[in-house]
file input27.cif (mmCIF, C-alpha atoms)
data_entry
#
loop_
_atom_site.label_atom_id
_atom_site.label_comp_id
_atom_site.auth_asym_id
_atom_site.auth_seq_id
_atom_site.Cartn_x
_atom_site.Cartn_y
_atom_site.Cartn_z
CA MET A 216 1.27 -8.10 18.74
CA ASP A 217 4.31 -5.86 18.66
CA HIS A 218 7.85 -6.14 17.26
CA HIS A 219 10.26 -3.27 17.89
CA GLY A 220 7.35 -0.86 18.14
CA ILE A 221 5.61 -2.19 15.02
CA ALA A 222 2.07 -3.47 15.62
CA PHE A 223 1.08 -6.50 13.56
CA ASP A 224 -1.40 -9.36 13.30
CA LEU A 225 -1.13 -12.90 12.01
CA HIS A 226 -4.24 -14.62 10.68
CA GLY A 227 -4.95 -17.97 9.05
CA PRO A 228 -3.43 -21.45 9.30
CA GLU A 229 0.23 -21.64 10.34
CA ASP A 230 0.97 -23.90 7.38
CA GLY A 231 -0.85 -21.66 4.87
CA ALA A 232 1.02 -19.99 2.03
CA PRO A 233 2.26 -16.65 3.42
CA VAL A 234 0.73 -13.33 2.38
CA VAL A 235 1.90 -9.91 3.64
CA LEU A 236 -0.35 -6.82 3.53
CA ILE A 237 1.07 -3.26 3.52
CA HIS A 238 -1.26 -0.27 3.84
CA GLY A 239 -0.78 3.24 2.45
CA LEU A 240 0.01 6.70 3.78
CA GLY A 241 -2.12 7.84 6.71
CA LEU A 242 -3.97 4.54 6.98
CA SER A 243 -3.47 1.38 9.03
CA ARG A 244 -3.84 -2.37 8.78
CA ALA A 245 -7.54 -1.79 9.47
CA ILE A 246 -8.06 -1.13 5.74
CA TRP A 247 -7.68 -4.87 5.13
CA SER A 248 -10.52 -5.86 7.50
CA ASP A 249 -12.92 -6.61 4.62
CA PHE A 250 -10.36 -8.98 3.08
CA LEU A 251 -9.01 -10.93 6.04
CA SER A 252 -11.63 -13.68 6.20
CA LEU A 253 -11.23 -14.24 2.47
CA LEU A 254 -7.43 -14.22 2.43
CA ALA A 255 -6.88 -16.04 5.72
CA ALA A 256 -9.15 -19.00 4.91
CA GLU A 257 -6.17 -20.79 3.37
CA HIS A 258 -3.24 -18.36 3.70
CA ARG A 259 -1.04 -17.24 6.59
CA VAL A 260 -1.62 -13.47 6.52
CA LEU A 261 0.69 -10.91 8.13
CA SER A 262 -0.62 -7.34 8.31
CA TYR A 263 1.08 -4.49 10.13
CA ASP A 264 1.02 -0.75 10.77
CA LEU A 265 3.77 1.42 9.34
CA PRO A 266 5.72 3.51 11.89
CA GLY A 267 3.61 6.30 13.37
CA HIS A 268 0.45 4.84 11.84
CA GLY A 269 -2.34 2.87 13.55
CA GLN A 270 -1.01 1.22 16.70
CA SER A 271 2.69 1.34 15.79
CA GLY A 272 5.14 3.58 17.59
CA PRO A 273 6.65 6.57 15.77
CA ALA A 274 9.53 6.24 13.33
CA LEU A 275 12.84 6.36 15.22
CA GLU A 276 14.85 7.55 12.22
CA GLU A 277 14.23 9.28 8.90
CA MET A 278 12.48 6.70 6.77
CA THR A 279 13.40 5.79 3.20
CA LEU A 280 12.07 3.08 0.92
CA GLU A 281 15.13 1.02 1.80
CA ARG A 282 14.47 1.40 5.54
CA TYR A 283 10.82 0.44 5.12
CA ALA A 284 11.95 -2.66 3.20
CA VAL A 285 14.54 -3.60 5.84
CA GLN A 286 11.89 -3.14 8.54
CA LEU A 287 9.55 -5.47 6.66
CA ARG A 288 12.27 -8.10 6.31
CA GLY A 289 12.80 -7.99 10.08
CA LEU A 290 9.08 -8.37 10.70
CA MET A 291 8.91 -11.34 8.31
CA ASP A 292 11.85 -12.92 10.14
CA HIS A 293 10.05 -12.42 13.45
CA ALA A 294 6.91 -14.05 12.00
CA ARG A 295 9.04 -16.90 10.57
CA ILE A 296 8.05 -16.08 7.00
CA ASP A 297 10.87 -16.82 4.56
CA SER A 298 9.04 -15.54 1.49
CA ALA A 299 5.53 -14.40 0.70
CA THR A 300 3.15 -12.90 -1.76
CA VAL A 301 3.42 -9.25 -0.76
CA ILE A 302 0.35 -7.07 -1.37
CA GLY A 303 0.92 -3.33 -1.10
CA PHE A 304 -1.51 -0.44 -1.42
CA SER A 305 -0.21 3.00 -2.53
CA LEU A 306 2.95 3.63 -0.43
CA GLY A 307 2.76 -0.08 0.43
CA GLY A 308 3.03 -0.84 -3.29
CA MET A 309 6.28 1.13 -3.35
CA ILE A 310 7.65 -0.71 -0.31
CA ASN A 311 6.87 -4.12 -1.78
CA ARG A 312 8.55 -3.19 -5.07
CA LYS A 313 11.64 -2.05 -3.16
CA LEU A 314 11.66 -5.35 -1.26
CA ALA A 315 11.42 -7.28 -4.53
CA MET A 316 14.42 -5.31 -5.86
CA THR A 317 16.62 -5.57 -2.76
CA ALA A 318 15.65 -9.01 -1.42
CA PRO A 319 13.97 -10.91 -4.27
CA GLU A 320 14.31 -14.20 -2.38
CA ARG A 321 11.75 -12.89 0.14
CA VAL A 322 9.06 -12.21 -2.48
CA LYS A 323 7.19 -15.06 -4.21
CA ALA A 324 4.80 -12.67 -5.94
CA LEU A 325 3.74 -9.03 -5.86
CA ALA A 326 0.36 -7.32 -5.93
CA ILE A 327 0.80 -3.57 -6.47
CA LEU A 328 -2.48 -1.75 -5.78
CA ASN A 329 -3.12 1.93 -6.60
CA SER A 330 0.56 2.75 -6.31
CA PRO A 331 2.34 5.65 -8.02
CA HIS A 332 5.02 5.46 -10.66
CA GLU A 333 6.84 8.09 -12.71
CA ARG A 334 4.92 11.38 -12.57
CA THR A 335 4.80 14.33 -14.93
CA PRO A 336 6.96 17.24 -13.74
CA GLU A 337 3.80 19.10 -12.74
CA ALA A 338 2.41 16.17 -10.75
CA GLN A 339 5.79 15.60 -9.11
CA ALA A 340 5.96 19.25 -8.04
CA GLN A 341 2.42 18.98 -6.63
CA MET A 342 3.29 15.86 -4.61
CA GLU A 343 6.38 17.52 -3.18
CA ALA A 344 4.29 20.58 -2.27
CA TYR A 345 1.81 18.33 -0.44
CA ALA A 346 4.73 16.74 1.43
CA GLY A 347 5.91 20.20 2.45
CA GLN A 348 2.43 21.10 3.71
CA SER A 349 2.33 17.92 5.80
CA ALA A 350 5.74 18.71 7.28
CA GLN A 351 4.46 22.17 8.25
CA GLY A 352 0.90 21.40 9.36
CA GLY A 353 0.72 17.67 10.10
CA PRO A 354 -1.78 15.15 8.73
CA GLY A 355 -4.70 17.57 8.99
CA ALA A 356 -3.14 20.09 6.62
CA THR A 357 -4.22 18.25 3.46
CA ILE A 358 -6.94 15.91 4.73
CA GLU A 359 -9.94 17.45 2.93
CA ALA A 360 -8.18 17.46 -0.44
CA ALA A 361 -7.02 13.89 0.19
CA LEU A 362 -10.51 12.57 0.96
CA ALA A 363 -11.83 14.21 -2.23
CA ARG A 364 -9.10 12.45 -4.23
CA TRP A 365 -9.59 9.12 -2.47
CA PHE A 366 -13.38 8.62 -2.62
CA THR A 367 -16.04 9.31 -5.23
CA GLU A 368 -18.56 11.97 -4.30
CA GLY A 369 -21.42 9.46 -4.27
CA PHE A 370 -19.63 7.15 -1.86
CA ARG A 371 -18.78 10.03 0.46
CA GLU A 372 -22.49 10.88 0.61
CA THR A 373 -23.76 7.33 1.16
CA HIS A 374 -20.94 5.87 3.28
CA ALA A 375 -19.99 8.76 5.53
CA GLU A 376 -18.99 6.35 8.30
CA VAL A 377 -16.27 4.77 6.12
CA VAL A 378 -14.95 8.19 5.09
CA GLU A 379 -14.95 9.41 8.70
CA ALA A 380 -13.10 6.28 9.84
CA VAL A 381 -10.40 6.99 7.25
CA ARG A 382 -10.26 10.64 8.33
CA ALA A 383 -9.77 9.49 11.94
CA GLN A 384 -6.97 7.11 10.90
CA VAL A 385 -5.11 9.90 9.10
CA LEU A 386 -5.52 12.42 11.91
CA SER A 387 -4.31 9.90 14.51
CA CYS A 388 -0.93 9.47 12.80
CA ASP A 389 2.22 10.70 14.48
CA PRO A 390 2.86 14.01 12.66
CA GLU A 391 6.61 13.52 12.10
CA SER A 392 6.22 9.92 10.95
CA TYR A 393 3.39 10.94 8.62
CA ALA A 394 5.44 13.78 7.11
CA GLY A 395 8.38 11.43 6.62
CA ALA A 396 6.19 8.81 4.94
CA ARG A 397 4.69 11.48 2.71
CA ALA A 398 8.17 12.57 1.64
CA VAL A 399 8.97 8.97 0.70
CA LEU A 400 5.70 8.74 -1.26
CA ALA A 401 6.62 11.94 -3.09
CA LYS A 402 10.29 11.28 -3.85
CA GLY A 403 10.72 7.51 -3.62
CA VAL A 404 9.15 6.71 -6.99
CA ARG A 405 12.41 7.73 -8.66
CA GLU A 406 14.01 4.61 -7.20
CA LEU A 407 11.39 2.37 -8.79
CA ILE A 408 11.37 3.58 -12.41
CA ALA A 409 12.84 0.94 -14.75
CA PRO A 410 13.86 -1.12 -11.70
CA VAL A 411 17.44 -2.36 -11.44
CA PRO A 412 17.65 -5.22 -10.87
CA PRO A 413 14.42 -5.90 -12.75
CA ILE A 414 11.44 -7.35 -10.89
CA THR A 415 10.92 -10.87 -12.19
CA CYS A 416 8.41 -12.47 -9.81
CA PRO A 417 4.75 -12.94 -10.82
CA THR A 418 3.13 -9.51 -10.45
CA LEU A 419 -0.39 -8.12 -10.38
CA ILE A 420 -0.72 -4.37 -11.00
CA ALA A 421 -4.09 -2.79 -10.32
CA THR A 422 -5.45 0.73 -10.00
CA SER A 423 -8.71 2.61 -10.31
CA GLU A 424 -10.04 4.35 -13.41
CA HIS A 425 -10.21 7.74 -11.66
CA ASP A 426 -7.17 7.50 -9.37
CA SER A 427 -5.44 10.85 -9.96
CA GLY A 428 -2.29 9.97 -7.98
CA SER A 429 -1.78 6.40 -9.17
CA THR A 430 -3.20 6.68 -12.65
CA PRO A 431 -3.99 3.96 -15.20
CA GLY A 432 -1.17 5.45 -17.28
CA MET A 433 1.27 4.90 -14.43
CA ALA A 434 0.02 1.33 -14.02
CA ARG A 435 0.54 0.68 -17.73
CA ALA A 436 4.07 2.10 -17.54
CA MET A 437 4.79 -0.16 -14.58
CA GLN A 438 3.45 -3.15 -16.50
CA GLY A 439 5.83 -2.33 -19.33
CA GLU A 440 8.76 -2.51 -16.91
CA ILE A 441 7.83 -5.77 -15.15
CA ALA A 442 7.92 -8.67 -17.60
CA GLY A 443 4.85 -10.90 -17.55
CA SER A 444 2.89 -8.72 -15.13
CA VAL A 445 -0.91 -8.62 -15.20
CA LEU A 446 -2.80 -5.30 -15.28
CA GLU A 447 -6.31 -4.60 -13.94
CA ILE A 448 -8.12 -1.24 -14.05
CA VAL A 449 -11.17 -1.04 -11.77
CA PRO A 450 -13.83 1.20 -13.36
CA GLU A 451 -15.54 4.24 -11.81
CA VAL A 452 -13.69 4.47 -8.46
CA LYS A 453 -10.86 6.69 -7.18
CA HIS A 454 -7.77 6.00 -5.03
CA LEU A 455 -9.53 4.10 -2.24
CA GLY A 456 -11.47 1.83 -4.56
CA LEU A 457 -10.22 -0.86 -2.20
CA LEU A 458 -12.82 0.38 0.30
CA GLU A 459 -15.51 1.35 -2.23
CA ARG A 460 -15.37 -1.93 -4.16
CA PRO A 461 -13.93 -4.49 -1.73
CA GLU A 462 -15.70 -7.31 -3.55
CA VAL A 463 -13.93 -6.42 -6.83
CA PHE A 464 -10.49 -6.11 -5.25
CA GLY A 465 -11.06 -9.21 -3.12
CA ARG A 466 -11.98 -11.31 -6.13
CA MET A 467 -8.99 -9.96 -8.06
CA LEU A 468 -6.58 -10.80 -5.25
CA MET A 469 -8.01 -14.28 -4.72
CA ASP A 470 -7.83 -15.00 -8.46
CA PHE A 471 -4.16 -13.92 -8.42
CA LEU A 472 -3.36 -16.03 -5.36
CA THR A 473 -5.15 -19.02 -6.86
CA ARG A 474 -3.21 -18.72 -10.12
CA ARG A 475 -0.05 -18.52 -8.03
CA GLY A 476 -1.04 -21.76 -6.30
#
call {"tool": "encode", "arguments": {"input": "input27.cif", "output": "structure tokens"}}
result
Amino acid sequence: MDHHGIAFDLHGPEDGAPVVLIHGLGLSRAIWSDFLSLLAAEHRVLSYDLPGHGQSGPALEEMTLERYAVQLRGLMDHARIDSATVIGFSLGGMINRKLAMTAPERVKALAILNSPHERTPEAQAQMEAYAGQSAQGGPGATIEAALARWFTEGFRETHAEVVEAVRAQVLSCDPESYAGARAVLAKGVRELIAPVPPITCPTLIATSEHDSGSTPGMARAMQGEIAGSVLEIVPEVKHLGLLERPEVFGRMLMDFLTRRG
């Protein structure tokens, strides 16, 4: 299905409690394929591709966190979802936080997965350098370094097909949309530090033990800024632990949704 150039899917019973899934930079809604049968058994699940990613058309304007959030609100309106548990991975975990800050009535609960928060000056400079490289050379400019940061070496050796599928997703992105999304990933975290207004909905924060871009330290800092939030650190994996340990992340998400009722 398509709404203003944004490709999306709806799964699960029409009367199920709504859940929205937001993928990360360079990826697509395909990253949730291992989770759909689990989530959609009892929930109404909306997943979509960010502009210039997957099957969505390119971004028609310079994107910001606010514009991503407004776009999501429009998509939820189109799908007749008043409010939902919004699950965001990486950049998606920035977009869902922005939505919770700007339209809290649309967010029943948040799950923030492997998403960045305030960086050290050195890490911030590195992220902005990566964004510059993407603007110059497109998605392929940093793909090898990204895959090394995203997957453990052992998984890359034993699950080459998963890694190659992710590589293909990244390389298929519209170059300008990708560069714009990368700039938001680099610079948008400043809007989310010590959020004003504060995020007050039930919140799950999770990351991986060896995620160098969305570190356990960042997750702990986020937890300190969102009252009552729950923190989970998944051992051994890197940024795309979601794909290396889908059973762990799936169980975590279902436990959170069950506690939410």
call {"tool": "atom_distance", "arguments": {"input": "input27.cif", "atom1": "atom CA of Ala344 of chain A", "atom2": "atom CA of Ala326 of chain A"}}
result
28.4 Å
call {"tool": "axis_aligned_box", "arguments": {"input": "input27.cif", "around": "segment 363-373 of chain A", "padding_each_side": "4 Å", "output": "JSON"}}
result
{"center_x": -16.4, "center_y": 10.7, "center_z": -2.0, "size_x": 22.7, "size_y": 15.1, "size_z": 14.4}
call {"tool": "resolve_selection", "arguments": {"input": "input27.cif", "expression": "the PyMOL selection byres ((chain A and resi 284) around 8)", "output": "number ranges by chain"}}
result
A: 280-283, 285-288, 310-311, 313-314
call {"tool": "residues_near_point", "arguments": {"input": "input27.cif", "point": "(-6.4, -22.2, 9.3)", "cutoff": "10 Å", "atoms": "all atoms listed in the file", "output": "list of chain:residue names"}}
result
A:His226, A:Gly227, A:Pro228, A:Glu229, A:Asp230, A:Gly231, A:Ala255, A:Ala256, A:Glu257, A:His258, A:Arg259
call {"tool": "residues_around", "arguments": {"input": "input27.cif", "residues": "Arg321 of chain A", "least_positions_apart": "6", "cutoff": "12 Å", "atoms": "only C-alpha atoms", "output": "ChimeraX atom specification"}}
result
/A:233-235,284-285,287-292,295-301,311-315,416
call {"tool": "residues_around", "arguments": {"input": "input27.cif", "residues": "Ser423 of chain A", "least_positions_apart": "4", "cutoff": "10 Å", "atoms": "all atoms listed in the file", "output": "list of chain:residue names"}}
result
A:Leu328, A:Asn329, A:Ser427, A:Ser429, A:Thr430, A:Pro431, A:Ala434, A:Glu447, A:Ile448, A:Val449, A:Pro450, A:Glu451, A:Val452, A:Lys453, A:His454, A:Leu455, A:Gly456, A:Leu457
call {"tool": "write_last_selection", "arguments": {"input": "input27.cif", "atoms": "C-alpha atoms", "output": "short mmCIF file (atom, residue, chain, number, x, y, z; two decimals), in the coordinates of the input"}}
result
data_model
loop_
_atom_site.label_atom_id
_atom_site.label_comp_id
_atom_site.auth_asym_id
_atom_site.auth_seq_id
_atom_site.Cartn_x
_atom_site.Cartn_y
_atom_site.Cartn_z
CA LEU A 328 -2.48 -1.75 -5.78
CA ASN A 329 -3.12 1.93 -6.60
CA SER A 427 -5.44 10.85 -9.96
CA SER A 429 -1.78 6.40 -9.17
CA THR A 430 -3.20 6.68 -12.65
CA PRO A 431 -3.99 3.96 -15.20
CA ALA A 434 0.02 1.33 -14.02
CA GLU A 447 -6.31 -4.60 -13.94
CA ILE A 448 -8.12 -1.24 -14.05
CA VAL A 449 -11.17 -1.04 -11.77
CA PRO A 450 -13.83 1.20 -13.36
CA GLU A 451 -15.54 4.24 -11.81
CA VAL A 452 -13.69 4.47 -8.46
CA LYS A 453 -10.86 6.69 -7.18
CA HIS A 454 -7.77 6.00 -5.03
CA LEU A 455 -9.53 4.10 -2.24
CA GLY A 456 -11.47 1.83 -4.56
CA LEU A 457 -10.22 -0.86 -2.20
#
call {"tool": "residues_around", "arguments": {"input": "input27.cif", "residues": "Leu253 of chain A", "least_positions_apart": "4", "cutoff": "9 Å", "atoms": "all atoms listed in the file", "output": "list in words"}}
result
Asp249, Glu257, Gly465 and Met469 of chain A
call {"tool": "residues_around", "arguments": {"input": "input27.cif", "residues": "Leu419 of chain A", "least_positions_apart": "6", "cutoff": "10 Å", "atoms": "all atoms listed in the file", "output": "PyMOL selection string"}}
result
chain A and resi 302+324-328+438+441+443-447+467-468+471-472
